[in-house]
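Data block below; observations after.
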Amino acid sequence: MAYKNIDVKPVAGALGAEIEGVALNDNLDNETFDDIHQAFLDHQVIFFRNQDLSPEAHIRFGRRFGSLNIHPYVKGMAGHEEIMEIIKEPDERENFGGGWHSDMSFQEEPALGSILHSIEVPPYGGDTLFASQSAAYDALSEGMKDMLDGMIAIHTAEKEYGRKGHSAMQRAGMQVEQQEEGTVPKFEHPVVRTHPQTGRKALYVNSAFTMHFKNMTRRESRPLLQFLFEHATQEQFTCRFRWTPGAVAFWDNRAVQHYALNDYHGHRRHMRRVTINGDRPR
Ligand code: SIN
């Protein structure tokens with residue numbers, strides 16, 4: 001793919017590219033914005049280094065892609081409720097996002113994308129892993145694809161934001177409202193979704209928020225779900241981002257799962273995220 005104003009360097013075979021030659025803090029001209037948008041669609045997760053991004057500029061950049069999500073359970077940054085602060089202090093053992101997931105799949109219209117900016121990074125560790133769910137879908141047998149196409153799964157935040165998950169989030173330093181069991185909404189999403197812009201099919205189940213298949217019990221759903229969770233996050237579908245201060249990762253939640261590694265106890269990590277609203281998966 002040819003880009004006019006940016007350099008795009010893929011970081012792995014399945015997904016991910018580092019973008020050079022752009023400052024996100026400037027008012028991006030439309031041509032450069034179109035390049036970035038195209039690179040995002042082409043590579044599913046894109047990375048930028050050394051971005052001096054104020055909270056206002058972060059929000060401004062995010063809004064060019066759509067309206068921003070206000071998280072229903074996690075308190076936003078003071079004065080900027082669209083920004084989620086993800087901070088792990090040296091004495092904390094749990095982290096936020098430490099498991100494979102797609103952001104906000106527990107909502108009726110889950111997130112289009114997330115833009116994460118690093119403020120402070122540990123001296124080692126704290127990388128984020130990404131896995132291409134379209135590459136994972138493509139690698140399935142025709143028989144498995146036929147079976148999954150048309151299946152529906154139930155997503156909910158009950159596990160992550162109910163009593164047990166809430167305690168873990170609090171231990172991870174997040175300001176989270178605990179949800180009563182049985183009151184957290186459940187939504188149906190296709191197991192295989194078609195990307196509204198690229199037309200590529202992708203798996204759309206994740207171990208944080210997908211509970212079971214429609215019209216099946218959890219016990220009945222477990223073997224196939226477990227296979228899909230493991231299949232979808234195999235090494236050949238992943239890339240890994242090593243954070244530096246001021247780096248930005250922008251991923252497409254419609255096509256990617258991600259995982260924040262928790263391997264830097266004793267050190268501080270501070271990130272800010274804005275999340276772009278998406279549409280109903282189809
Ligand atoms: C997340 O959005 O799940 C957190 C990712 C990270 O902190 O690397």
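Identifiers in this document derive from the order of the structure tokens: chains are assigned A, B, ..., residues are numbered from 1 separately in each chain, and ligands are numbered from 1 in order of occurrence.
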
Using only C-alpha atoms and all ligand atoms, which protein or nucleic acid residues are at most 7 Å from ligand 1, as an MDAnalysis selection string?
-> chainID A and resid 86 96:98 103 126:128 258:260 271 273

Selection: 7 Å around Ala202 in chain A, only C-alpha atoms, excl. self and same-chain fewer than 6 positions, as a list in words = Gln133, Ser134, Tyr137, Val192, Arg193, Thr194 and Ala255 of chain A

Which parts of range 68-186 of chain A does DSSP call strand (DSSP E) when run on the backbone here, written out as a VMD selection string?
-> chain A and resid 84 to 88 111 to 120 128 to 132 152 to 156 186

Write the residues of the selection above to a file with N, CA, C and O atoms, as a short mmCIF file (atom, residue, chain, number, x, y, z; two decimals), in the first residue's frame.
data_model
loop_
_atom_site.label_atom_id
_atom_site.label_comp_id
_atom_site.auth_asym_id
_atom_site.auth_seq_id
_atom_site.Cartn_x
_atom_site.Cartn_y
_atom_site.Cartn_z
N MET A 84 -9.10 7.21 30.13
CA MET A 84 -8.95 6.25 31.22
C MET A 84 -7.46 6.23 31.59
O MET A 84 -6.61 6.07 30.72
N GLU A 85 -7.19 6.46 32.87
CA GLU A 85 -5.79 6.41 33.31
C GLU A 85 -5.51 4.99 33.78
O GLU A 85 -6.24 4.45 34.62
N ILE A 86 -4.47 4.40 33.23
CA ILE A 86 -4.11 3.02 33.60
C ILE A 86 -2.74 3.12 34.27
O ILE A 86 -1.72 3.33 33.60
N ILE A 87 -2.77 3.02 35.60
CA ILE A 87 -1.53 3.23 36.36
C ILE A 87 -1.28 2.01 37.24
O ILE A 87 -2.18 1.58 37.96
N LYS A 88 -0.10 1.45 37.14
CA LYS A 88 0.28 0.39 38.10
C LYS A 88 1.44 0.93 38.92
O LYS A 88 2.48 1.30 38.37
N ALA A 111 -16.32 -1.15 21.12
CA ALA A 111 -15.38 -0.13 20.65
C ALA A 111 -14.84 -0.42 19.25
O ALA A 111 -14.53 -1.56 18.91
N LEU A 112 -14.71 0.65 18.49
CA LEU A 112 -14.03 0.57 17.18
C LEU A 112 -12.54 0.39 17.42
O LEU A 112 -11.90 -0.50 16.88
N GLY A 113 -11.98 1.30 18.23
CA GLY A 113 -10.53 1.23 18.46
C GLY A 113 -10.16 1.87 19.77
O GLY A 113 -10.99 2.53 20.41
N SER A 114 -8.92 1.67 20.18
CA SER A 114 -8.40 2.28 21.41
C SER A 114 -7.05 2.89 21.10
O SER A 114 -6.26 2.33 20.35
N ILE A 115 -6.81 4.06 21.71
CA ILE A 115 -5.55 4.77 21.49
C ILE A 115 -4.87 4.93 22.84
O ILE A 115 -5.37 5.65 23.71
N LEU A 116 -3.76 4.23 23.01
CA LEU A 116 -3.07 4.18 24.30
C LEU A 116 -1.77 4.96 24.20
O LEU A 116 -0.96 4.72 23.29
N HIS A 117 -1.56 5.88 25.15
CA HIS A 117 -0.38 6.76 25.15
C HIS A 117 0.40 6.48 26.43
O HIS A 117 -0.17 6.47 27.52
N SER A 118 1.70 6.28 26.31
CA SER A 118 2.50 5.97 27.50
C SER A 118 3.08 7.25 28.09
O SER A 118 3.72 8.04 27.39
N ILE A 119 2.85 7.42 29.40
CA ILE A 119 3.36 8.58 30.12
C ILE A 119 4.64 8.18 30.85
O ILE A 119 5.64 8.88 30.81
N GLU A 120 4.59 7.04 31.54
CA GLU A 120 5.77 6.56 32.28
C GLU A 120 5.86 5.05 32.07
O GLU A 120 4.84 4.35 32.22
N THR A 128 2.86 -4.76 25.49
CA THR A 128 1.50 -5.16 25.15
C THR A 128 1.56 -6.10 23.94
O THR A 128 2.28 -5.82 22.97
N LEU A 129 0.81 -7.20 24.03
CA LEU A 129 0.70 -8.16 22.92
C LEU A 129 -0.59 -7.90 22.16
O LEU A 129 -1.60 -7.53 22.77
N PHE A 130 -0.56 -8.13 20.87
CA PHE A 130 -1.75 -7.99 20.02
C PHE A 130 -1.88 -9.25 19.18
O PHE A 130 -0.87 -9.84 18.78
N ALA A 131 -3.12 -9.66 18.90
CA ALA A 131 -3.34 -10.86 18.07
C ALA A 131 -4.39 -10.55 17.01
O ALA A 131 -5.48 -10.06 17.34
N SER A 132 -4.05 -10.85 15.77
CA SER A 132 -4.97 -10.59 14.65
C SER A 132 -6.05 -11.65 14.61
O SER A 132 -5.77 -12.84 14.38
N ILE A 152 -23.76 -17.37 17.40
CA ILE A 152 -23.85 -16.15 18.24
C ILE A 152 -23.27 -16.48 19.62
O ILE A 152 -23.49 -17.58 20.13
N ALA A 153 -22.56 -15.50 20.19
CA ALA A 153 -22.04 -15.70 21.55
C ALA A 153 -22.56 -14.58 22.46
O ALA A 153 -22.91 -13.49 22.00
N ILE A 154 -22.58 -14.88 23.75
CA ILE A 154 -23.08 -13.93 24.76
C ILE A 154 -21.88 -13.29 25.46
O ILE A 154 -21.00 -13.99 25.98
N HIS A 155 -21.88 -11.96 25.45
CA HIS A 155 -20.79 -11.20 26.09
C HIS A 155 -21.35 -10.42 27.28
O HIS A 155 -22.44 -9.85 27.20
N THR A 156 -20.58 -10.36 28.34
CA THR A 156 -20.96 -9.56 29.51
C THR A 156 -19.71 -9.19 30.31
O THR A 156 -18.70 -9.90 30.26
N LYS A 186 -26.16 -8.32 29.25
CA LYS A 186 -25.53 -9.33 28.37
C LYS A 186 -25.90 -8.95 26.94
O LYS A 186 -27.03 -8.54 26.69
#

Closest atom pairs, residues of range 27-99 of chain A within 9 Å of range 229-244 of chain A, only C-alpha atoms, as JSON lines:
{"residue": "A:Phe47", "atom": "CA", "partner": "A:Phe241", "partner_atom": "CA", "distance": 8.1}
{"residue": "A:Arg49", "atom": "CA", "partner": "A:Thr244", "partner_atom": "CA", "distance": 7.3}
{"residue": "A:Asn50", "atom": "CA", "partner": "A:Thr244", "partner_atom": "CA", "distance": 7.8}

Taking C-alpha atoms for each residue, export the selection above as a tab-separated table (two decimals), in the first residue's frame.
chain	number	residue	atom	x	y	z
A	47	PHE	CA	2.47	2.44	16.69
A	49	ARG	CA	7.07	6.98	19.01
A	50	ASN	CA	7.92	10.19	20.89

What is the CA of Ile19 in chain A-CA of His37 in chain A distance in Å, reported with one decimal?
->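 Here the two named atoms are 11.4 Å from each other.
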
Spatial neighbours of Gly266 in chain A, max dist 8 Å, only C-alpha atoms, sep filter under 2 positions, as a ChimeraX atom specification | /A:89-92,264,268

What is the CA of Gln197 in chain A to CA of His58 in chain A distance in Å?
->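 About the pair CA of Gln197 in chain A and CA of His58 in chain A: they are 23.5 Å apart.
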
For Gly21 in chain A, list every protein, DNA or RNA residue within 10 Å, evaluated using only C-alpha atoms, and leave out those in the same chain fewer than 5 positions away; present the list as number ranges by chain.
-> A: 5-8, 32, 48-49

Based on the selection just made, write N, CA and C atoms of those residues as a short mmCIF file (atom, residue, chain, number, x, y, z; two decimals), in the first residue's frame.
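After the write, out-v5.cif holds the following:
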data_model
loop_
_atom_site.label_atom_id
_atom_site.label_comp_id
_atom_site.auth_asym_id
_atom_site.auth_seq_id
_atom_site.Cartn_x
_atom_site.Cartn_y
_atom_site.Cartn_z
N ASN A 5 2.24 10.59 3.01
CA ASN A 5 2.95 11.46 3.97
C ASN A 5 3.58 10.74 5.15
N ILE A 6 3.47 9.42 5.21
CA ILE A 6 4.01 8.71 6.38
C ILE A 6 4.84 7.52 5.92
N ASP A 7 5.79 7.09 6.78
CA ASP A 7 6.52 5.84 6.54
C ASP A 7 5.89 4.76 7.42
N VAL A 8 5.63 3.61 6.84
CA VAL A 8 4.94 2.53 7.55
C VAL A 8 5.82 1.30 7.53
N THR A 32 -2.71 13.48 5.57
CA THR A 32 -1.95 12.66 6.54
C THR A 32 -2.92 11.83 7.38
N PHE A 48 3.32 4.63 17.20
CA PHE A 48 4.03 5.89 16.97
C PHE A 48 4.99 6.07 18.16
N ARG A 49 6.12 6.72 17.92
CA ARG A 49 7.07 6.98 19.01
C ARG A 49 7.13 8.48 19.29
#

When DSSP works through the backbone of this structure, what residues of range 72-206 of chain A end up as helix (DSSP H, G or I), shown as a list of chain:residue names?
-> A:Gln133, A:Ser134, A:Ala135, A:Ala136, A:Tyr137, A:Asp138, A:Glu142, A:Gly143, A:Met144, A:Lys145, A:Asp146, A:Met147, A:Leu148, A:Glu158, A:Lys159, A:Glu160, A:Tyr161, A:Arg163, A:Lys164, A:Gly165, A:His166, A:Ser167, A:Ala168, A:Met169, A:Gln170, A:Arg171

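The smallest atom-to-atom distance between Asn25 in chain A and any of A:Asp42, A:Asp52, A:Glu180, A:Asp279, using only C-alpha atoms, is found for A:Asp52.
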
From the list A:Asp35, A:Pro185, A:Asn206, A:Asp252, which residue is nearest Val22 in chain A when using only C-alpha atoms?
-> A:Asp35

Excluding same-chain residues fewer than 6 positions from Glu160 in chain A, what lies within 9 Å of it counting only C-alpha atoms, as a PDB file with N, CA, C and O atoms, in the first residue's frame?
ATOM      1  N   HIS A 166     -13.925  -7.076  40.359  1.00  0.00           N
ATOM      2  CA  HIS A 166     -13.848  -5.727  40.918  1.00  0.00           C
ATOM      3  C   HIS A 166     -12.710  -5.628  41.935  1.00  0.00           C
ATOM      4  O   HIS A 166     -11.927  -4.677  41.932  1.00  0.00           O
ATOM      5  N   ALA A 168     -10.033  -7.427  42.040  1.00  0.00           N
ATOM      6  CA  ALA A 168      -8.751  -7.485  41.312  1.00  0.00           C
ATOM      7  C   ALA A 168      -8.451  -6.135  40.675  1.00  0.00           C
ATOM      8  O   ALA A 168      -7.316  -5.650  40.711  1.00  0.00           O
ATOM      9  N   MET A 169      -9.488  -5.501  40.108  1.00  0.00           N
ATOM     10  CA  MET A 169      -9.299  -4.182  39.476  1.00  0.00           C
ATOM     11  C   MET A 169      -8.861  -3.160  40.520  1.00  0.00           C
ATOM     12  O   MET A 169      -8.023  -2.318  40.262  1.00  0.00           O
ATOM     13  N   ALA A 208     -12.166 -12.788  28.392  1.00  0.00           N
ATOM     14  CA  ALA A 208     -12.594 -11.882  29.466  1.00  0.00           C
ATOM     15  C   ALA A 208     -14.115 -11.700  29.475  1.00  0.00           C
ATOM     16  O   ALA A 208     -14.737 -11.656  30.531  1.00  0.00           O
ATOM     17  N   PHE A 209     -14.705 -11.585  28.297  1.00  0.00           N
ATOM     18  CA  PHE A 209     -16.106 -11.133  28.237  1.00  0.00           C
ATOM     19  C   PHE A 209     -17.078 -12.113  27.560  1.00  0.00           C
ATOM     20  O   PHE A 209     -18.282 -11.895  27.621  1.00  0.00           O
TER      21      PHE A 209
END

Mind pulling up the distance from CA of Trp251 in chain A to CA of Ser141 in chain A?
->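 So the two atoms, CA of Ser141 in chain A and CA of Trp251 in chain A, lie 26.6 Å apart.
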